[in-house]
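Novice: Take this structure first; my questions come after.
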Amino acid sequence: MAYNGYLIKIGKTANAINTEIPLTFIKAETLDVLWSTTEVDSFRNGNGTLVRNTVLPNKVLKIEFETPDIDSTDFDSVMSTIRSKFINSDEKDLYVTAWVAELGEYKTDHCYMPDVHVSIRFADANELRYSPVRIAFIGYSESTAT
């Protein structure tokens, strides 16, 4: 599948991943997308040779990026959109589709969003700005990941 003009889409169900994370919210040079093999009990044998026990077909989608320096209005808007897609707000889980450059295609997984740490860059009586904020989505490695 070719690139379709977006990097990340989110949704509440696997069949409704239709909300794009705006490209202006993603500092492109910080975007890191990984579609990784799941390993269980890999080890080095007595000869020092790596023995990998990969679990297929389960793969893990992991996405990390930073926002640009951003004002509170834009940040709140995008974070509100992300929160609206949570399946369970306590677990902060949702479905994510992301462009995986290594494969040249989009991949989808059921993911959770780790805690978001926000630092204030500037504040006065009229404006609040945040330093770049790290956002991540980490897959559960379910067999339904595609």
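By order of appearance in the structure tokens: chains A, B, ..., then residues from 1 within every chain, and ligands from 1 in the order shown.
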Assign secondary structure with DSSP using the backbone only, and return the residues of segment 45-129 of chain A in strand (DSSP E) as a PyMOL selection string.
Specialist: chain A and resi 50-51+54-66+70-71+93-100+105-112+120-123+128-129
Novice: List the spatial neighbours of Asp93 of chain A as JSON, numbers by chain - criterion: any atom at most 10 Å away, only C-alpha atoms, same-chain residues fewer than 4 positions off excluded.
Specialist: {"A": [11, 12, 82, 83, 85, 86, 87, 88, 89, 110, 111, 112, 113, 114, 137, 138, 139, 140]}
Novice: So how many Å separate atom CA of Asp109 of chain A and atom CA of Phe25 of chain A, to one decimal?
Specialist: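 Taking atom CA of Asp109 of chain A as the start and atom CA of Phe25 of chain A as the end point, the length is 21.0 Å.
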Novice: Give the answer as one residue: which of A:Thr19, A:Thr30, A:Asn4, A:Thr38 has the shortest atom-to-atom distance to Ser84 of chain A, using only C-alpha atoms?
Specialist: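 That would be A:Thr19, the residue with the smallest distance to Ser84 of chain A.
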Novice: Using DSSP on the backbone coordinates, identify the residues of segment 35-141 of chain A assigned to helix (DSSP H, G or I); present them as a list in words.
Specialist: Ser72, Thr73, Asp74, Phe75, Asp76, Ser77, Val78, Met79, Ser80, Thr81, Ile82, Arg83 and Ser84 of chain A
Novice: Take the residues just selected and output them with N, CA and C atoms as a PDB file, in the first residue's frame.
Specialist:
ATOM      1  N   SER A  72      -1.344  26.172  23.987  1.00  0.00           N
ATOM      2  CA  SER A  72      -2.259  25.324  24.754  1.00  0.00           C
ATOM      3  C   SER A  72      -3.553  25.039  23.993  1.00  0.00           C
ATOM      4  N   THR A  73      -4.014  25.966  23.192  1.00  0.00           N
ATOM      5  CA  THR A  73      -5.251  25.757  22.440  1.00  0.00           C
ATOM      6  C   THR A  73      -5.102  24.610  21.444  1.00  0.00           C
ATOM      7  N   ASP A  74      -4.022  24.620  20.659  1.00  0.00           N
ATOM      8  CA  ASP A  74      -3.785  23.552  19.682  1.00  0.00           C
ATOM      9  C   ASP A  74      -3.521  22.224  20.379  1.00  0.00           C
ATOM     10  N   PHE A  75      -2.720  22.255  21.424  1.00  0.00           N
ATOM     11  CA  PHE A  75      -2.418  21.026  22.160  1.00  0.00           C
ATOM     12  C   PHE A  75      -3.684  20.423  22.752  1.00  0.00           C
ATOM     13  N   ASP A  76      -4.484  21.247  23.415  1.00  0.00           N
ATOM     14  CA  ASP A  76      -5.729  20.761  24.023  1.00  0.00           C
ATOM     15  C   ASP A  76      -6.668  20.177  22.974  1.00  0.00           C
ATOM     16  N   SER A  77      -6.728  20.788  21.807  1.00  0.00           N
ATOM     17  CA  SER A  77      -7.601  20.309  20.738  1.00  0.00           C
ATOM     18  C   SER A  77      -7.201  18.905  20.285  1.00  0.00           C
ATOM     19  N   VAL A  78      -5.916  18.709  20.007  1.00  0.00           N
ATOM     20  CA  VAL A  78      -5.463  17.396  19.540  1.00  0.00           C
ATOM     21  C   VAL A  78      -5.566  16.357  20.650  1.00  0.00           C
ATOM     22  N   MET A  79      -5.201  16.717  21.870  1.00  0.00           N
ATOM     23  CA  MET A  79      -5.299  15.753  22.967  1.00  0.00           C
ATOM     24  C   MET A  79      -6.750  15.376  23.239  1.00  0.00           C
ATOM     25  N   SER A  80      -7.650  16.307  23.088  1.00  0.00           N
ATOM     26  CA  SER A  80      -9.079  16.014  23.252  1.00  0.00           C
ATOM     27  C   SER A  80      -9.541  15.022  22.184  1.00  0.00           C
ATOM     28  N   THR A  81      -9.061  15.199  20.970  1.00  0.00           N
ATOM     29  CA  THR A  81      -9.394  14.270  19.890  1.00  0.00           C
ATOM     30  C   THR A  81      -8.859  12.878  20.202  1.00  0.00           C
ATOM     31  N   ILE A  82      -7.614  12.792  20.669  1.00  0.00           N
ATOM     32  CA  ILE A  82      -7.042  11.494  21.026  1.00  0.00           C
ATOM     33  C   ILE A  82      -7.861  10.847  22.147  1.00  0.00           C
ATOM     34  N   ARG A  83      -8.145  11.601  23.192  1.00  0.00           N
ATOM     35  CA  ARG A  83      -8.916  11.052  24.321  1.00  0.00           C
ATOM     36  C   ARG A  83     -10.298  10.574  23.879  1.00  0.00           C
ATOM     37  N   SER A  84     -10.891  11.238  22.897  1.00  0.00           N
ATOM     38  CA  SER A  84     -12.226  10.844  22.432  1.00  0.00           C
ATOM     39  C   SER A  84     -12.216   9.477  21.754  1.00  0.00           C
TER      40      SER A  84
END
Novice: Kindly give the distance, in Å, that separates atom CA of Leu7 of chain A and atom CA of Ile26 of chain A, rounded to a single decimal.
Specialist: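 A separation of 8.9 Å between them.
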Novice: I need the residue nearest Lys59 of chain A from this list: A:Glu102, A:Asp90, A:Glu20, A:Glu39. Use only C-alpha atoms for the distance.
Specialist: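 Ranking A:Glu102, A:Asp90, A:Glu20, A:Glu39 by distance to Lys59 of chain A, first place goes to A:Glu39.
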Novice: A:Asp71, A:Asp115, A:Glu105, A:Glu64: which is nearest Ser131 of chain A, counting only C-alpha atoms?
Specialist: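 Among A:Asp71, A:Asp115, A:Glu105, A:Glu64, it is A:Asp71 that comes nearest to Ser131 of chain A.
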Novice: Which of these residues is nearest to Gly5 of chain A, using only C-alpha atoms: A:Leu23, A:Leu61, A:Ile135, A:Leu50?
Specialist: A:Leu23
Novice: Please identify all polymer residues within 12 Å of Phe122 of chain A, counting only C-alpha atoms, omitting same-chain residues fewer than 2 positions from it, and present them as a list in words.
Specialist: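 These residues fall inside the cut-off: Asp69, Ile70, Asp71, Ser72, Ser119, Ile120, Asp124, Ala125, Asn126, Glu127, Leu128, Arg129, Tyr130, Ser131 and Pro132 of chain A.
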Novice: Write out as a PyMOL selection string which residues come within 6 Å of Ile63 of chain A when counting only C-alpha atoms, dropping same-chain ones fewer than 6 positions away.
Specialist: chain A and resi 32-33+136-137
Novice: Mind dumping the selected residues with N, CA and C atoms as a PDB file, in the first residue's frame?
Specialist:
ATOM      1  N   ASP A  32       9.199   8.107  15.019  1.00  0.00           N
ATOM      2  CA  ASP A  32       9.843   6.799  14.999  1.00  0.00           C
ATOM      3  C   ASP A  32       8.734   5.755  15.034  1.00  0.00           C
ATOM      4  N   VAL A  33       8.619   4.980  13.957  1.00  0.00           N
ATOM      5  CA  VAL A  33       7.589   3.950  13.875  1.00  0.00           C
ATOM      6  C   VAL A  33       8.280   2.607  13.696  1.00  0.00           C
ATOM      7  N   ALA A 136       3.414   8.748  22.541  1.00  0.00           N
ATOM      8  CA  ALA A 136       3.721   7.394  22.075  1.00  0.00           C
ATOM      9  C   ALA A 136       2.452   6.553  22.051  1.00  0.00           C
ATOM     10  N   PHE A 137       2.438   5.594  21.164  1.00  0.00           N
ATOM     11  CA  PHE A 137       1.402   4.573  21.103  1.00  0.00           C
ATOM     12  C   PHE A 137       2.137   3.238  21.026  1.00  0.00           C
TER      13      PHE A 137
END
Novice: Just the number, please: distance in Å from atom CA of Ile8 of chain A to atom CA of Thr24 of chain A, one decimal.
Specialist: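 One can read the atom CA of Ile8 of chain A to atom CA of Thr24 of chain A distance as 11.9 Å.
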